[in-house]
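**Q** Structure file input-v4.csv, CSV, C-alpha atoms, is pasted below:
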chain,number,residue,atom,x,y,z
V,16,MET,CA,-21.6,68.7,-2.2
V,17,ARG,CA,-19.5,66.8,0.4
V,18,ALA,CA,-22.6,65.7,2.3
V,19,LEU,CA,-24.1,64.5,-0.9
V,20,ALA,CA,-21.2,62.4,-1.9
V,21,LEU,CA,-21.1,61.0,1.6
V,22,VAL,CA,-24.8,60.1,1.4
V,23,ARG,CA,-24.3,58.3,-1.9
V,24,LYS,CA,-21.3,56.4,-0.6
V,25,ALA,CA,-23.0,55.5,2.7
V,26,ALA,CA,-26.2,54.6,0.9
V,27,THR,CA,-24.5,52.0,-1.3
V,28,ASN,CA,-22.2,50.7,1.4
V,29,VAL,CA,-24.3,50.5,4.5
V,30,HIS,CA,-25.2,46.9,3.9
V,31,MET,CA,-21.8,45.5,3.2
V,32,SER,CA,-18.3,45.2,4.5
V,33,THR,CA,-17.3,44.7,8.1
V,34,LYS,CA,-19.3,45.6,11.2
V,35,THR,CA,-17.2,48.6,12.1
V,36,ASP,CA,-17.3,49.9,8.5
V,37,ARG,CA,-21.0,49.5,8.4
V,38,MET,CA,-21.3,51.5,11.6
V,39,THR,CA,-19.0,54.2,10.3
V,40,PHE,CA,-20.9,54.5,7.0
V,41,ALA,CA,-24.3,54.5,8.7
V,42,ARG,CA,-23.1,57.2,11.1
V,43,GLN,CA,-21.9,59.4,8.3
V,44,PHE,CA,-25.1,58.8,6.5
V,45,LEU,CA,-27.2,59.8,9.5
V,46,ASP,CA,-25.0,62.9,10.0
V,47,ALA,CA,-25.7,64.0,6.4
V,48,ILE,CA,-29.5,64.1,7.0
V,49,PRO,CA,-30.3,67.6,8.1
V,50,HIS,CA,-33.5,66.8,10.0
V,51,SER,CA,-31.9,63.9,11.9
V,52,ARG,CA,-29.0,66.2,12.9
V,53,ALA,CA,-31.4,68.9,14.0
V,54,LEU,CA,-33.0,66.4,16.4
V,55,GLY,CA,-29.6,65.2,17.7
V,56,MET,CA,-30.2,61.6,16.5
V,57,CYS,CA,-27.3,59.2,17.1
V,58,LEU,CA,-26.8,55.7,15.8
V,59,ASP,CA,-26.1,53.2,18.7
V,60,GLU,CA,-26.2,49.9,16.9
V,61,ILE,CA,-26.6,48.5,13.4
V,62,GLY,CA,-26.7,45.0,12.0
V,63,GLU,CA,-28.2,43.1,9.1
V,64,GLY,CA,-31.7,44.5,8.8
V,65,TYR,CA,-31.9,46.2,12.2
V,66,ALA,CA,-30.8,49.5,13.7
V,67,VAL,CA,-30.9,51.2,17.1
V,68,LEU,CA,-31.1,55.0,17.1
V,69,SER,CA,-31.4,57.4,20.1
V,70,MET,CA,-32.3,61.0,20.6
V,71,PRO,CA,-31.7,63.2,23.7
V,72,TYR,CA,-34.4,64.9,25.7
V,73,ASP,CA,-34.5,68.5,24.7
V,74,GLU,CA,-36.9,71.2,26.0
V,75,ARG,CA,-37.4,72.4,22.4
V,76,PHE,CA,-39.0,69.0,21.6
V,77,ILE,CA,-41.8,69.4,24.3
V,78,GLY,CA,-45.3,68.8,23.0
V,79,ASN,CA,-47.3,69.2,26.2
V,80,PRO,CA,-46.1,72.3,28.1
V,81,SER,CA,-48.0,71.3,31.3
V,82,THR,CA,-46.2,68.0,31.6
V,83,GLY,CA,-42.9,68.5,29.7
V,84,VAL,CA,-43.5,65.4,27.7
V,85,ILE,CA,-41.8,65.2,24.2
V,86,HIS,CA,-44.1,65.8,21.2
V,87,GLY,CA,-45.3,62.6,19.4
V,88,GLY,CA,-43.9,64.2,16.2
V,89,ALA,CA,-40.3,64.0,17.5
V,90,VAL,CA,-40.8,60.3,18.4
V,91,SER,CA,-42.3,59.7,14.9
V,92,ALA,CA,-39.2,61.3,13.3
V,93,LEU,CA,-36.9,59.0,15.4
V,94,MET,CA,-39.0,55.9,14.5
V,95,ASP,CA,-39.1,56.9,10.8
V,96,THR,CA,-35.3,57.4,10.6
V,97,CYS,CA,-34.6,54.2,12.5
V,98,GLY,CA,-37.0,52.3,10.2
V,99,GLY,CA,-35.3,53.7,7.1
V,100,THR,CA,-31.8,52.9,8.5
V,101,ALA,CA,-32.9,49.3,9.3
V,102,VAL,CA,-34.1,48.9,5.7
V,103,MET,CA,-30.9,50.2,4.3
V,104,SER,CA,-28.9,47.9,6.5
V,105,HIS,CA,-30.7,44.8,5.0
V,106,PRO,CA,-28.2,42.6,3.2
V,107,GLN,CA,-30.1,42.7,0.0
V,108,ALA,CA,-30.7,46.4,0.0
V,109,HIS,CA,-29.2,48.7,-2.6
V,110,GLY,CA,-29.4,52.5,-2.2
V,111,GLY,CA,-31.9,54.6,-0.4
V,112,THR,CA,-35.4,54.1,0.8
V,113,ALA,CA,-38.6,56.2,1.4
V,114,THR,CA,-41.4,55.7,3.8
V,115,ILE,CA,-44.7,54.4,2.2
V,116,ASP,CA,-46.6,54.4,5.4
V,117,LEU,CA,-45.9,54.5,9.1
V,118,ARG,CA,-48.3,53.8,12.0
V,119,ILE,CA,-47.3,54.7,15.5
V,120,ASP,CA,-49.1,53.5,18.7
V,121,TYR,CA,-48.3,55.6,21.8
V,122,MET,CA,-48.4,53.4,24.8
V,123,ARG,CA,-47.4,55.9,27.4
V,124,ALA,CA,-45.8,59.3,27.8
V,125,ALA,CA,-42.0,59.3,27.7
V,126,THR,CA,-40.5,60.4,31.0
V,127,PRO,CA,-39.3,64.0,30.7
V,128,GLY,CA,-35.5,64.3,31.0
V,129,GLN,CA,-34.8,60.8,29.6
V,130,ARG,CA,-33.2,59.8,26.3
V,131,ILE,CA,-35.4,58.0,23.8
V,132,ARG,CA,-34.1,54.9,22.1
V,133,ALA,CA,-35.7,53.3,19.1
V,134,ARG,CA,-35.0,49.8,17.7
V,135,ALA,CA,-36.3,49.0,14.2
V,136,GLU,CA,-36.2,45.6,12.5
V,137,CYS,CA,-36.8,45.0,8.8
V,138,TYR,CA,-38.6,41.7,9.2
V,139,HIS,CA,-39.6,41.0,5.6
V,140,VAL,CA,-38.6,42.3,2.2
V,141,THR,CA,-40.2,41.7,-1.2
V,142,ARG,CA,-38.8,42.8,-4.6
V,143,SER,CA,-39.9,46.4,-3.9
V,144,VAL,CA,-41.2,46.7,-0.4
V,145,ALA,CA,-39.6,46.4,3.1
V,146,PHE,CA,-41.8,45.8,6.1
V,147,VAL,CA,-40.5,47.2,9.4
V,148,ARG,CA,-41.5,47.1,13.1
V,149,ALA,CA,-40.0,49.4,15.7
V,150,THR,CA,-40.2,50.1,19.4
V,151,ALA,CA,-39.3,53.2,21.3
V,152,LEU,CA,-38.0,53.1,24.9
V,153,ASP,CA,-36.8,55.4,27.6
V,154,ASP,CA,-34.9,54.4,30.8
V,155,ASP,CA,-37.8,52.1,31.8
V,156,THR,CA,-37.0,49.4,29.2
V,157,GLU,CA,-39.7,47.1,30.5
V,158,ASN,CA,-42.5,49.4,29.3
V,159,PRO,CA,-42.2,50.7,25.7
V,160,VAL,CA,-43.1,54.3,25.1
V,161,ALA,CA,-44.3,53.6,21.5
V,162,SER,CA,-44.4,51.0,18.9
V,163,ALA,CA,-44.5,51.4,15.1
V,164,THR,CA,-45.1,49.4,11.9
V,165,GLY,CA,-44.2,50.7,8.5
V,166,ALA,CA,-43.7,49.9,4.9
V,167,PHE,CA,-40.8,51.4,3.0
V,168,THR,CA,-39.7,51.3,-0.6
V,169,PHE,CA,-37.0,48.7,-1.3
V,170,GLN,CA,-34.4,48.4,-4.0
V,171,ARG,CA,-32.7,45.1,-4.2
V,172,ALA,CA,-29.0,44.9,-5.0
V,173,LYS,CA,-28.3,43.3,-8.4
V,174,GLY,CA,-28.1,39.5,-8.1
V,175,ALA,CA,-29.6,39.5,-4.6
E,13,MET,CA,-81.5,93.2,21.6
E,14,ARG,CA,-77.7,93.1,22.2
E,15,LYS,CA,-75.5,94.9,19.7
E,16,PRO,CA,-73.2,92.5,17.8
E,17,GLU,CA,-69.6,92.7,18.8
E,18,PRO,CA,-67.3,94.8,16.6
E,19,VAL,CA,-65.5,92.6,14.1
E,20,GLN,CA,-62.1,93.7,15.4
E,21,VAL,CA,-62.9,92.7,18.9
E,22,ILE,CA,-63.9,89.2,17.7
E,23,LYS,CA,-60.7,88.9,15.5
E,24,THR,CA,-58.4,90.0,18.3
E,25,ARG,CA,-59.9,87.5,20.7
E,26,ARG,CA,-59.7,84.6,18.3
E,27,ASP,CA,-56.2,85.4,17.2
E,28,ALA,CA,-55.0,85.8,20.8
E,29,ALA,CA,-56.4,82.4,21.7
E,30,LEU,CA,-54.8,80.7,18.7
E,31,HIS,CA,-51.5,82.5,19.3
E,32,GLY,CA,-51.5,81.5,23.0
E,33,LEU,CA,-52.2,77.9,22.1
E,34,VAL,CA,-49.6,77.6,19.3
E,35,GLN,CA,-46.9,79.5,21.2
E,36,SER,CA,-47.3,77.3,24.3
E,37,VAL,CA,-45.9,74.2,22.5
E,38,PRO,CA,-42.1,74.3,22.1
E,39,TYR,CA,-42.0,71.6,19.3
E,40,ILE,CA,-44.3,73.7,17.1
E,41,GLN,CA,-41.8,76.6,17.5
E,42,PHE,CA,-38.9,74.2,16.8
E,43,LEU,CA,-40.4,73.0,13.5
E,44,GLY,CA,-41.5,76.6,12.7
E,45,VAL,CA,-45.2,75.7,12.0
E,46,GLU,CA,-47.5,78.7,11.7
E,47,PHE,CA,-51.3,78.8,11.6
E,48,ASP,CA,-53.5,80.8,9.2
E,49,ARG,CA,-57.0,81.4,10.4
E,50,ARG,CA,-60.2,82.2,8.5
E,51,GLY,CA,-63.1,82.1,10.8
E,52,ASP,CA,-62.8,78.8,12.6
E,53,GLU,CA,-60.9,77.2,9.7
E,54,LEU,CA,-57.1,76.7,10.3
E,55,THR,CA,-54.4,76.1,7.7
E,56,ALA,CA,-51.1,75.0,9.1
E,57,VAL,CA,-48.0,76.3,7.2
E,58,LEU,CA,-44.6,74.6,7.4
E,59,PRO,CA,-42.2,77.2,5.9
E,60,TYR,CA,-39.3,75.4,4.1
E,61,ARG,CA,-35.9,75.2,5.9
E,62,GLU,CA,-32.9,73.1,5.2
E,63,GLU,CA,-33.2,71.3,8.6
E,64,LEU,CA,-36.4,69.7,7.4
E,65,ILE,CA,-34.6,67.7,4.7
E,66,GLY,CA,-34.4,63.9,5.1
E,67,ASN,CA,-33.0,63.0,1.7
E,68,PRO,CA,-30.3,65.5,0.6
E,69,MET,CA,-29.9,63.6,-2.7
E,70,LEU,CA,-33.4,64.3,-4.1
E,71,PRO,CA,-33.8,66.6,-2.0
E,72,ALA,CA,-37.0,65.7,-0.1
E,73,LEU,CA,-38.5,66.6,3.2
E,74,HIS,CA,-37.9,64.1,6.1
E,75,GLY,CA,-40.8,61.7,6.6
E,76,GLY,CA,-40.5,62.5,10.3
E,77,ALA,CA,-40.8,66.2,9.7
E,78,THR,CA,-43.9,65.5,7.6
E,79,ALA,CA,-45.4,63.2,10.3
E,80,ALA,CA,-44.7,65.8,13.0
E,81,PHE,CA,-46.3,68.5,10.8
E,82,LEU,CA,-49.4,66.4,10.4
E,83,GLU,CA,-49.6,65.5,14.0
E,84,ILE,CA,-49.2,69.1,15.1
E,85,THR,CA,-52.0,70.1,12.7
E,86,SER,CA,-54.3,67.4,14.0
E,87,ILE,CA,-53.7,68.3,17.7
E,88,ILE,CA,-54.1,72.0,17.2
E,89,GLY,CA,-57.1,71.5,15.1
E,90,LEU,CA,-58.7,69.3,17.7
E,91,THR,CA,-57.8,71.5,20.6
E,92,TRP,CA,-59.0,74.6,18.7
E,93,SER,CA,-62.4,72.9,17.9
E,94,THR,CA,-62.9,72.0,21.6
E,95,MET,CA,-61.9,75.4,23.0
E,96,TRP,CA,-64.0,77.3,20.4
E,97,SER,CA,-67.3,77.7,22.4
E,98,ASP,CA,-65.5,78.7,25.6
E,99,MET,CA,-63.5,81.2,23.7
E,100,GLU,CA,-66.5,82.7,22.1
E,101,ASP,CA,-68.2,82.9,25.4
E,102,GLY,CA,-65.2,84.7,26.9
E,103,LYS,CA,-64.6,81.8,29.3
E,104,LEU,CA,-60.9,81.2,28.5
E,105,GLN,CA,-58.6,82.1,31.4
E,106,ASP,CA,-55.8,84.4,30.5
E,107,GLY,CA,-52.4,82.7,30.6
E,108,ALA,CA,-53.8,79.3,31.5
E,109,LEU,CA,-52.0,76.5,29.6
E,110,PRO,CA,-54.3,74.8,27.1
E,111,VAL,CA,-55.2,71.2,28.0
E,112,ILE,CA,-53.9,69.1,25.1
E,113,PRO,CA,-55.3,65.8,23.9
E,114,LYS,CA,-52.9,62.8,24.0
E,115,THR,CA,-52.2,60.9,20.8
E,116,ILE,CA,-53.3,57.2,21.0
E,117,ASP,CA,-52.1,56.3,17.5
E,118,PHE,CA,-51.1,58.1,14.3
E,119,THR,CA,-50.9,56.6,10.8
E,120,VAL,CA,-49.2,58.5,8.0
E,121,ASP,CA,-49.7,57.8,4.4
E,122,TYR,CA,-46.8,59.2,2.3
E,123,LEU,CA,-48.2,59.8,-1.2
E,124,ARG,CA,-45.3,61.5,-2.9
E,125,SER,CA,-42.0,63.0,-1.7
E,126,GLY,CA,-42.1,66.3,0.0
E,127,LEU,CA,-40.4,69.0,-2.1
E,128,PRO,CA,-38.0,71.6,-0.7
E,129,ARG,CA,-40.7,74.3,-0.4
E,130,ASP,CA,-43.5,75.4,2.0
E,131,ALA,CA,-46.1,72.8,2.9
E,132,TYR,CA,-49.7,73.3,4.1
E,133,ALA,CA,-52.1,71.1,6.0
E,134,ARG,CA,-55.7,71.1,7.2
E,135,ALA,CA,-57.3,68.8,9.8
E,136,ARG,CA,-60.8,67.6,9.9
E,137,VAL,CA,-62.2,66.3,13.2
E,138,ASN,CA,-64.4,63.3,12.1
E,139,ARG,CA,-65.5,62.4,15.6
E,140,SER,CA,-65.0,64.1,18.9
E,141,GLY,CA,-66.5,62.4,21.9
E,142,ARG,CA,-66.2,62.9,25.6
E,143,ARG,CA,-63.2,60.5,25.8
E,144,TYR,CA,-61.9,59.8,22.3
E,145,ALA,CA,-61.5,61.7,19.0
E,146,SER,CA,-60.7,60.7,15.5
E,147,VAL,CA,-58.9,63.3,13.2
E,148,HIS,CA,-58.0,63.2,9.5
E,149,VAL,CA,-55.4,65.5,8.1
E,150,GLU,CA,-54.2,66.3,4.6
E,151,ALA,CA,-51.0,68.0,3.5
E,152,TRP,CA,-50.1,69.5,0.1
E,153,GLN,CA,-47.5,71.9,-1.4
E,154,ASP,CA,-48.1,73.8,-4.6
E,155,ASN,CA,-51.4,72.2,-5.5
E,156,ARG,CA,-54.3,71.6,-3.1
E,157,ASP,CA,-55.5,68.6,-5.1
E,158,ARG,CA,-52.1,66.9,-5.1
E,159,LEU,CA,-51.6,65.8,-1.5
E,160,PHE,CA,-48.1,64.7,-0.6
E,161,ALA,CA,-49.2,63.1,2.7
E,162,GLN,CA,-52.3,62.4,4.7
E,163,ALA,CA,-52.8,60.9,8.1
E,164,THR,CA,-55.4,59.7,10.6
E,165,GLY,CA,-55.0,59.8,14.3
E,166,HIS,CA,-56.9,58.9,17.4
E,167,PHE,CA,-56.7,61.0,20.5
E,168,LEU,CA,-57.6,60.7,24.2
E,169,MET,CA,-59.4,63.8,25.3
E,170,PRO,CA,-58.3,65.4,28.5
E,171,THR,CA,-60.7,65.1,31.4
E,172,PRO,CA,-61.6,68.3,33.4
E,173,ASP,CA,-59.3,67.3,36.2
E,174,GLY,CA,-56.4,67.2,33.7
E,175,SER,CA,-55.7,63.5,33.7
Starting from the file, give its structure as structure tokens.
**A**
Amino acid sequence: MRALALVRKAATNVHMSTKTDRMTFARQFLDAIPHSRALGMCLDEIGEGYAVLSMPYDERFIGNPSTGVIHGGAVSALMDTCGGTAVMSHPQAHGGTATIDLRIDYMRAATPGQRIRARAECYHVTRSVAFVRATALDDDTENPVASATGAFTFQRAKGA
Amino acid sequence: MRKPEPVQVIKTRRDAALHGLVQSVPYIQFLGVEFDRRGDELTAVLPYREELIGNPMLPALHGGATAAFLEITSIIGLTWSTMWSDMEDGKLQDGALPVIPKTIDFTVDYLRSGLPRDAYARARVNRSGRRYASVHVEAWQDNRDRLFAQATGHFLMPTPDGS
């Protein structure tokens, strides 16, 4: 139940208070998500309506055994989590979110052995929907590995 | 006229080819996805585990786990359909790594939240050309008619030289 309480607390607080608090809450929130933990996701940065998350290279995540390239599904999981975190970090957000749809374009294979970093930005919110775009990069930051666009459910804070 | 092959020989050959394909991809093992085969029809099964949860409050499956499950089902379905005739002709090389198509794009439609129980998925190859393929995939849990997610993906088919 501890994890649950943490999620509740983090979910309602991720958008408010100081920068360090927001980071701490968001990290606790991420750590309470079993699937994100299983993939070793780590929060690198969070602001008002954006988030940066990264994931280590791990041989268990390989999707193509002849090249050693990470499976697209692992990149999807990172993009999805990053998108959701960006939505919850929006100043007008209240509580959790769920993905409505997510489209990922794979521009190139991620280089085996390198960490993958995703940056998601919640660029528009309506009363009930948040629109997000995200990019995934490895060490070659000039050439993105993948880009994504998604729609997430959005709950507005009272009075916002 | 040639005598038809014994059913057990056919089954063993098909199951061995499928097993070899599925076992060769570490991420399929990581997620724990299994495949059920009836003739050439595959049903992917994602047995429930706590590590698949994305919202512990509800609880619900992680959207990323769902997306990965759908993408795995699409890729295996597509690879399976392209290797079928070689397999039936006995032309598959033992121990050779299967050549896997590359995902160009993948769009997931989340219809309802994934419940903490087993999930199933089936892929349909709508178009498979020399260079490109389009695959649709549907996933459900208790009820085949109540999908919890569906997706469409486009894939780049591998060329004979492996590029």
**Q** Pull out every residue of chain E that has at least one atom within 8 Å of chain V, counting all atoms listed in the file, and report them as a PyMOL selection string.
**A** chain E and resi 36-42+62-69+74-77+79-81+83-84+109+111-112+115-123
**Q** Using Å and a single decimal, report how far atom CA of Ala163 of chain E sits from atom CA of Arg171 of chain V.
**A**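 Rounded to one decimal, the two atoms are 28.4 Å apart.
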**Q** Could you list, as JSON, numbers by chain, every residue within 8 Å of segment 154-157 of chain V, counting all atoms listed in the file and ignoring same-chain residues fewer than 6 positions away?
**A** {"V": [129, 130, 131]}
**Q** In terms of the shortest atom-to-atom distance over all atoms listed in the file, which of E:Ile22, E:Leu33, E:Lys15, E:Gln162 is closest to Asp106 of chain E?
**A**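 Once distances to Asp106 of chain E are computed over all atoms listed in the file, the minimum belongs to E:Leu33.
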**Q** Using Å and a single decimal, report how far atom CA of Arg50 of chain E sits from atom CA of Ala131 of chain E.
**A**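 Taking atom CA of Ala131 of chain E as the start and atom CA of Arg50 of chain E as the end point, the length is 17.8 Å.
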**Q** Which of these residues is nearest to Tyr138 of chain V, using only C-alpha atoms: V:Ala151, V:Ala125, V:Ala101, V:Ala172?
**A**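 Looking at the shortest contact to Tyr138 of chain V, the residue is V:Ala101.
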**Q** Which of these residues is nearest to Ser125 of chain E, using only C-alpha atoms: V:Lys173, V:Val67, V:Thr168, V:Ala133?
**A**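 Checking each of V:Lys173, V:Val67, V:Thr168, V:Ala133 against Ser125 of chain E, counting only C-alpha atoms, the winner is V:Thr168.
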**Q** Go ahead and compute the interatomic distance for atom CA of Gln153 of chain E and atom CA of Arg124 of chain E, in Å to one decimal.
**A** 10.7 Å
**Q** For Glu60 of chain V, which of V:Val84, V:Tyr72, V:Gly98, V:Arg42 is the closest residue, counting all atoms listed in the file?
**A**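 Closest candidate: V:Arg42.
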**Q** E:Leu168, E:Gly51, E:Gly32, E:Arg143: which is nearest Val19 of chain E, counting all atoms listed in the file?
**A**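 The closest residue to Val19 of chain E is E:Gly51.
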**Q** Box for segment 157-166 of chain V: with edges along x, y and z, all listed atoms inside and 8 Å added on each side, what are the centre and edge lengths in Å to one decimal, as lines of an AutoDock Vina configuration file?
**A**
center_x = -42.4
center_y = 50.7
center_z = 17.7
size_x = 21.4
size_y = 23.2
size_z = 41.6
**Q** Distance cut-off 9 Å, centre (-22.7, 51.2, 10.5) in file coordinates, counting only C-alpha atoms: which residues qualify? Return them as a count of residues only.
**A** 21
**Q** Dig up all the protein and nucleic acid residues within 8 Å of (-48.2, 78.4, 8.6) in the file frame, using all atoms listed in the file, and format them as a PyMOL selection string.
**A** chain E and resi 45-48+55-59+132
